[in-house]
Every structure is written in structure tokens, then in C-alpha cells.
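S.K.: This is data_3.cif (mmCIF, C-alpha atoms (C1' of nucleotides); chains and numbers go by the auth columns).
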```cif
data_target
loop_
_atom_site.group_PDB
_atom_site.id
_atom_site.type_symbol
_atom_site.label_atom_id
_atom_site.label_comp_id
_atom_site.label_asym_id
_atom_site.label_seq_id
_atom_site.Cartn_x
_atom_site.Cartn_y
_atom_site.Cartn_z
_atom_site.B_iso_or_equiv
_atom_site.auth_seq_id
_atom_site.auth_asym_id
ATOM 1 C CA MET A 1 -19.745 -2.916 -4.820 0.00 1 A
ATOM 2 C CA SER A 2 -21.848 -2.433 -1.732 0.00 2 A
ATOM 3 C CA GLN A 3 -22.761 1.112 -0.896 0.00 3 A
ATOM 4 C CA ARG A 4 -22.729 0.525 2.831 0.00 4 A
ATOM 5 C CA SER A 5 -18.997 0.049 2.690 0.00 5 A
ATOM 6 C CA SER A 6 -16.351 2.486 1.625 0.00 6 A
ATOM 7 C CA PHE A 7 -13.625 1.796 -0.853 0.00 7 A
ATOM 8 C CA PHE A 8 -12.039 -0.224 1.911 0.00 8 A
ATOM 9 C CA GLN A 9 -14.443 -2.991 1.030 0.00 9 A
ATOM 10 C CA ASP A 10 -13.351 -2.770 -2.589 0.00 10 A
ATOM 11 C CA VAL A 11 -9.742 -3.068 -1.535 0.00 11 A
ATOM 12 C CA TYR A 12 -10.542 -6.170 0.467 0.00 12 A
ATOM 13 C CA GLU A 13 -12.356 -7.748 -2.446 0.00 13 A
ATOM 14 C CA VAL A 14 -9.498 -7.082 -4.823 0.00 14 A
ATOM 15 C CA VAL A 15 -6.951 -8.430 -2.364 0.00 15 A
ATOM 16 C CA MET A 16 -9.048 -11.523 -1.802 0.00 16 A
ATOM 17 C CA LEU A 17 -9.127 -12.036 -5.552 0.00 17 A
ATOM 18 C CA ILE A 18 -5.364 -12.224 -5.733 0.00 18 A
ATOM 19 C CA PRO A 19 -4.571 -15.745 -6.974 0.00 19 A
ATOM 20 C CA GLU A 20 -2.461 -17.960 -4.801 0.00 20 A
ATOM 21 C CA GLY A 21 1.210 -17.587 -5.513 0.00 21 A
ATOM 22 C CA ARG A 22 0.775 -14.065 -6.855 0.00 22 A
ATOM 23 C CA VAL A 23 1.311 -10.626 -5.377 0.00 23 A
ATOM 24 C CA THR A 24 0.301 -7.088 -6.186 0.00 24 A
ATOM 25 C CA SER A 25 1.163 -3.564 -5.126 0.00 25 A
ATOM 26 C CA TYR A 26 -0.779 -0.885 -3.315 0.00 26 A
ATOM 27 C CA GLY A 27 -0.586 1.331 -6.355 0.00 27 A
ATOM 28 C CA ALA A 28 -2.054 -1.385 -8.585 0.00 28 A
ATOM 29 C CA ILE A 29 -5.024 -1.803 -6.287 0.00 29 A
ATOM 30 C CA GLY A 30 -5.458 1.940 -5.993 0.00 30 A
ATOM 31 C CA LYS A 31 -5.314 2.234 -9.741 0.00 31 A
ATOM 32 C CA TYR A 32 -7.941 -0.438 -10.135 0.00 32 A
ATOM 33 C CA LEU A 33 -10.159 1.485 -7.734 0.00 33 A
ATOM 34 C CA GLY A 34 -9.538 4.684 -9.664 0.00 34 A
ATOM 35 C CA MET A 35 -7.090 6.227 -7.226 0.00 35 A
ATOM 36 C CA PRO A 36 -3.601 5.588 -8.548 0.00 36 A
ATOM 37 C CA SER A 37 -2.272 8.445 -6.479 0.00 37 A
ATOM 38 C CA SER A 38 -3.837 7.246 -3.285 0.00 38 A
ATOM 39 C CA ALA A 39 -1.701 4.208 -2.760 0.00 39 A
ATOM 40 C CA ARG A 40 -1.375 5.347 0.834 0.00 40 A
ATOM 41 C CA MET A 41 -5.064 4.831 1.319 0.00 41 A
ATOM 42 C CA VAL A 42 -4.714 1.292 0.091 0.00 42 A
ATOM 43 C CA GLY A 43 -2.111 0.665 2.721 0.00 43 A
ATOM 44 C CA TRP A 44 -4.351 2.309 5.264 0.00 44 A
ATOM 45 C CA ALA A 45 -7.142 0.028 4.158 0.00 45 A
ATOM 46 C CA MET A 46 -4.882 -2.943 4.702 0.00 46 A
ATOM 47 C CA ASN A 47 -4.359 -1.735 8.226 0.00 47 A
ATOM 48 C CA ALA A 48 -8.081 -2.149 8.733 0.00 48 A
ATOM 49 C CA SER A 49 -8.004 -5.464 6.884 0.00 49 A
ATOM 50 C CA HIS A 50 -7.166 -7.056 10.189 0.00 50 A
ATOM 51 C CA THR A 51 -10.886 -7.047 10.802 0.00 51 A
ATOM 52 C CA LEU A 52 -11.185 -9.491 7.908 0.00 52 A
ATOM 53 C CA PRO A 53 -8.936 -12.532 8.404 0.00 53 A
ATOM 54 C CA LYS A 54 -9.755 -13.627 4.880 0.00 54 A
ATOM 55 C CA VAL A 55 -7.738 -10.790 3.374 0.00 55 A
ATOM 56 C CA PRO A 56 -4.316 -12.059 2.284 0.00 56 A
ATOM 57 C CA ALA A 57 -2.504 -8.855 3.109 0.00 57 A
ATOM 58 C CA HIS A 58 0.769 -10.709 2.766 0.00 58 A
ATOM 59 C CA ARG A 59 0.212 -10.705 -0.991 0.00 59 A
ATOM 60 C CA VAL A 60 0.233 -6.927 -1.048 0.00 60 A
ATOM 61 C CA VAL A 61 3.573 -5.178 -1.143 0.00 61 A
ATOM 62 C CA ASN A 62 4.936 -1.902 -2.381 0.00 62 A
ATOM 63 C CA ARG A 63 5.907 -1.343 -5.986 0.00 63 A
ATOM 64 C CA VAL A 64 9.415 -2.635 -5.401 0.00 64 A
ATOM 65 C CA GLY A 65 8.232 -5.876 -3.883 0.00 65 A
ATOM 66 C CA VAL A 66 9.378 -5.083 -0.365 0.00 66 A
ATOM 67 C CA LEU A 67 7.341 -6.410 2.539 0.00 67 A
ATOM 68 C CA THR A 68 6.740 -2.984 4.011 0.00 68 A
ATOM 69 C CA GLY A 69 3.768 -4.130 6.047 0.00 69 A
ATOM 70 C CA LYS A 70 5.382 -7.206 7.516 0.00 70 A
ATOM 71 C CA HIS A 71 5.661 -5.466 10.851 0.00 71 A
ATOM 72 C CA PHE A 72 1.896 -5.241 10.988 0.00 72 A
ATOM 73 C CA PHE A 73 1.520 -8.996 11.021 0.00 73 A
ATOM 74 C CA GLU A 74 1.405 -11.113 14.104 0.00 74 A
ATOM 75 C CA THR A 75 5.112 -11.566 13.658 0.00 75 A
ATOM 76 C CA PRO A 76 7.421 -9.770 11.194 0.00 76 A
ATOM 77 C CA SER A 77 8.496 -13.111 9.776 0.00 77 A
ATOM 78 C CA ARG A 78 4.927 -14.327 9.323 0.00 78 A
ATOM 79 C CA MET A 79 4.492 -12.399 6.075 0.00 79 A
ATOM 80 C CA GLN A 80 7.580 -13.926 4.526 0.00 80 A
ATOM 81 C CA GLU A 81 6.550 -17.391 5.638 0.00 81 A
ATOM 82 C CA LEU A 82 3.135 -17.021 4.048 0.00 82 A
ATOM 83 C CA LEU A 83 4.707 -15.865 0.788 0.00 83 A
ATOM 84 C CA GLU A 84 7.259 -18.648 0.768 0.00 84 A
ATOM 85 C CA ALA A 85 4.434 -21.085 1.490 0.00 85 A
ATOM 86 C CA GLU A 86 3.015 -19.982 -1.864 0.00 86 A
ATOM 87 C CA ASN A 87 6.269 -20.664 -3.635 0.00 87 A
ATOM 88 C CA ILE A 88 7.206 -16.993 -3.702 0.00 88 A
ATOM 89 C CA LYS A 89 10.860 -16.321 -3.130 0.00 89 A
ATOM 90 C CA VAL A 90 11.548 -13.699 -0.510 0.00 90 A
ATOM 91 C CA ASP A 91 15.001 -12.461 0.367 0.00 91 A
ATOM 92 C CA ASN A 92 15.833 -9.703 2.827 0.00 92 A
ATOM 93 C CA ASP A 93 12.139 -8.794 3.073 0.00 93 A
ATOM 94 C CA GLN A 94 12.017 -8.330 -0.670 0.00 94 A
ATOM 95 C CA ILE A 95 10.217 -10.491 -3.209 0.00 95 A
ATOM 96 C CA GLN A 96 12.530 -11.971 -5.801 0.00 96 A
ATOM 97 C CA ARG A 97 11.380 -11.885 -9.425 0.00 97 A
ATOM 98 C CA PHE A 98 8.641 -9.531 -8.351 0.00 98 A
ATOM 99 C CA GLU A 99 7.630 -8.912 -11.966 0.00 99 A
ATOM 100 C CA TYR A 100 7.038 -12.615 -12.411 0.00 100 A
ATOM 101 C CA PHE A 101 4.755 -12.893 -9.378 0.00 101 A
ATOM 102 C CA PHE A 102 3.141 -9.500 -9.885 0.00 102 A
ATOM 103 C CA TRP A 103 -0.606 -9.668 -10.435 0.00 103 A
ATOM 104 C CA ASP A 104 -2.225 -6.556 -11.843 0.00 104 A
ATOM 105 C CA PRO A 105 -5.984 -6.383 -11.105 0.00 105 A
ATOM 106 C CA VAL A 106 -6.380 -3.832 -13.880 0.00 106 A
ATOM 107 C CA LYS A 107 -5.178 -6.409 -16.389 0.00 107 A
ATOM 108 C CA GLU A 108 -6.421 -9.610 -14.812 0.00 108 A
ATOM 109 C CA LEU A 109 -9.839 -8.395 -13.727 0.00 109 A
ATOM 110 C CA PRO A 110 -12.510 -7.236 -16.216 0.00 110 A
ATOM 111 C "C1'" DG B 1 -15.410 21.080 12.001 0.00 1 B
ATOM 112 C "C1'" DA B 2 -10.372 20.972 11.705 0.00 2 B
ATOM 113 C "C1'" DT B 3 -5.995 18.601 12.211 0.00 3 B
ATOM 114 C "C1'" DG B 4 -2.891 14.694 11.991 0.00 4 B
ATOM 115 C "C1'" DT B 5 -1.563 10.437 10.278 0.00 5 B
ATOM 116 C "C1'" DG B 6 -0.433 6.567 7.203 0.00 6 B
ATOM 117 C "C1'" DA B 7 1.436 -0.988 5.113 0.00 7 B
ATOM 118 C "C1'" DC B 8 2.876 4.516 -1.097 0.00 8 B
ATOM 119 C "C1'" DT B 9 4.436 6.658 -5.332 0.00 9 B
ATOM 120 C "C1'" DG B 10 6.712 9.632 -8.481 0.00 10 B
ATOM 121 C "C1'" DA B 11 9.682 13.358 -9.231 0.00 11 B
ATOM 122 C "C1'" DC B 12 13.446 16.438 -8.000 0.00 12 B
ATOM 123 C "C1'" DC B 13 18.194 17.809 -6.252 0.00 13 B
ATOM 124 C "C1'" DT C 1 23.954 7.338 -8.086 0.00 1 C
ATOM 125 C "C1'" DG C 2 21.228 7.794 -4.171 0.00 2 C
ATOM 126 C "C1'" DG C 3 18.540 10.271 -0.760 0.00 3 C
ATOM 127 C "C1'" DT C 4 14.921 13.609 0.139 0.00 4 C
ATOM 128 C "C1'" DC C 5 10.361 16.200 -0.683 0.00 5 C
ATOM 129 C "C1'" DA C 6 5.723 16.781 -1.545 0.00 6 C
ATOM 130 C "C1'" DG C 7 1.158 14.962 -2.966 0.00 7 C
ATOM 131 C "C1'" DC C 8 -2.560 12.009 -2.467 0.00 8 C
ATOM 132 C "C1'" DC C 9 -7.461 10.662 0.109 0.00 9 C
ATOM 133 C "C1'" DA C 10 -9.923 8.512 3.871 0.00 10 C
ATOM 134 C "C1'" DC C 11 -10.239 7.621 8.756 0.00 11 C
ATOM 135 C "C1'" DA C 12 -9.484 8.671 13.844 0.00 12 C
ATOM 136 C "C1'" DT C 13 -9.169 12.000 17.531 0.00 13 C
#
```
Since I need it in another form, could you write the structure as C-alpha cells?
M.R.:
Amino acid sequence: MSQRSSFFQDVYEVVMLIPEGRVTSYGAIGKYLGMPSSARMVGWAMNASHTLPKVPAHRVVNRVGVLTGKHFFETPSRMQELLEAENIKVDNDQIQRFEYFFWDPVKELP
DNA sequence: GATGTGACTGACC
DNA sequence: TGGTCAGCCACAT
């Protein structure tokens, strides 16, 4: 919303709006920002999200529900722990019942 | 100013 | 049925 920031800021805001116990995908965020084909950029934005500790990057996974970015956390297991702490089942670095936990900003946000 | 890279996605072989 | 290829845009060097 702020001009001073790039779409990175928008990504952060969307991620921070993810309800507890829910997850979303890079493509969903990109789609919400008007770049459904630039899911890569969303992931790239998450890489910079480390500057904002308030961004629950652990709630962002790829479209299959795999914790692709877990390796970017302090510890690879940290991402799974955070998800399990929110009652989200994770097995073999993949979210179980991903559809059930999936949170689409395009649908949930106005 | 150009080139390379990336936490993805969808389509093709 | 599964693996591989190319496209996508913004940021860093």
C-alpha cells in the first residue's frame, strides 16, 4: 500500500494476515498481488522477509504443501515445529490435508 | 546498463 | 506415470 516499498511490502502484509493455523502458497500470494506467474518473486520476497521477524514465512509453502523454504529457517526443523505448534500436521516436510489448511488471500481478503 | 539468480508453477515428453 | 523444460519478474552484483 505504501509507495516507498515495493511489492515485497505487499507480500509481507499478506503473509502477516495469514490466520493462525492456516497456510498459503506462493502462487496464491502472487495471484493476490496480480502476478500469478511470478510465484518465484514471492519466494524471493520471503527470502528478504528475514528482515521482518513478524512475517510468518513458515505459513507459506509451495502449491503442493511442501516446506520448500524450511532450509532458510534458523533450523530446517524449525518450520515444521512452528506449523505443528499451530495444529498443522506435517509429515516428511509436507503439510497433510493441505487443502483444509490452505488460506487463499484472493478469497479471504476483500 | 546488462547478466544471473531464485523459498514457484504449469505444461510437455 | 513420472521427470524435465521453460517462463515469470524483481533484486543483487
S.K.: Can you tell me which residues surround segment 8-12 of chain B at a distance of at most 9 Å, considering only C-alpha atoms (C1' of nucleotides), apart from same-chain residues fewer than 6 positions away, and format the answer as a PyMOL selection string?
M.R.: (chain A and resi 26-27+36-43+62-63) or (chain C and resi 4-5)
S.K.: Have a look at atom CA of Leu109 of chain A and atom CA of Asp10 of chain A and let me know their distance in Å, one decimal.
M.R.: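 Computing it gives 13.0 Å between the two atoms.
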S.K.: Sort by chain and increasing residue number a table of all residues of chain C within 9 Å of chain A, each with its closest pair of atoms and their distance in Å to one decimal, counting only C-alpha atoms (C1' of nucleotides), and write it as JSON lines.
M.R.:
```
{"residue": "C:DG7", "atom": "C1'", "partner": "A:Ser37", "partner_atom": "CA", "distance": 8.2}
{"residue": "C:DC8", "atom": "C1'", "partner": "A:Ser38", "partner_atom": "CA", "distance": 5.0}
{"residue": "C:DC9", "atom": "C1'", "partner": "A:Ser38", "partner_atom": "CA", "distance": 6.0}
{"residue": "C:DA10", "atom": "C1'", "partner": "A:Met41", "partner_atom": "CA", "distance": 6.6}
{"residue": "C:DC11", "atom": "C1'", "partner": "A:Trp44", "partner_atom": "CA", "distance": 8.7}
```
S.K.: Find, counting only C-alpha atoms, the residue in A:Pro105, A:Pro56, A:Pro76, A:Pro110 that gets nearest to Asp93 of chain A.
M.R.: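 Answer, going by the shortest atom-to-atom distance: A:Pro76.
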S.K.: Name the residues captured by the PyMOL selection byres ((chain B and resi 7) around 8) when it is applied to the shown file; answer as a PyMOL selection string.
M.R.: chain A and resi 43-44+46-47+61+68-70+72
S.K.: So how far away is atom CA of Asp104 of chain A from atom CA of Arg22 of chain A, in Å?
M.R.: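 About the pair atom CA of Arg22 of chain A and atom CA of Asp104 of chain A: they are 9.5 Å apart.
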S.K.: What does the structure give for the distance between atom CA of Thr75 of chain A and atom CA of His50 of chain A, in Å to one decimal?
M.R.: 13.5 Å
S.K.: I would like the residues chosen by the PyMOL selection byres ((chain A and resi 89) around 12) on the shown file; could you give them as an MDAnalysis selection string?
M.R.: chainID A and resid 21:23 65:67 79:88 90:101
S.K.: Step by step, work through what the PyMOL selection byres ((chain B and resi 4) around 10) selects in the shown file, and finish by giving those residues as a ChimeraX atom specification.
M.R.: /B:2-3,5-6 /C:12-13
S.K.: Using all atoms listed in the file, which of A:Arg59, A:Met16, A:Leu52, A:Leu33 sits nearest chain B?
M.R.: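 Result for the nearest residue to chain B: A:Arg59.
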S.K.: From the list A:Ser77, A:Lys54, A:Ser49, A:Val106, which residue is nearest chain B when using all atoms listed in the file?
M.R.: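 Checking each candidate against chain B, we get A:Ser49 as the closest.
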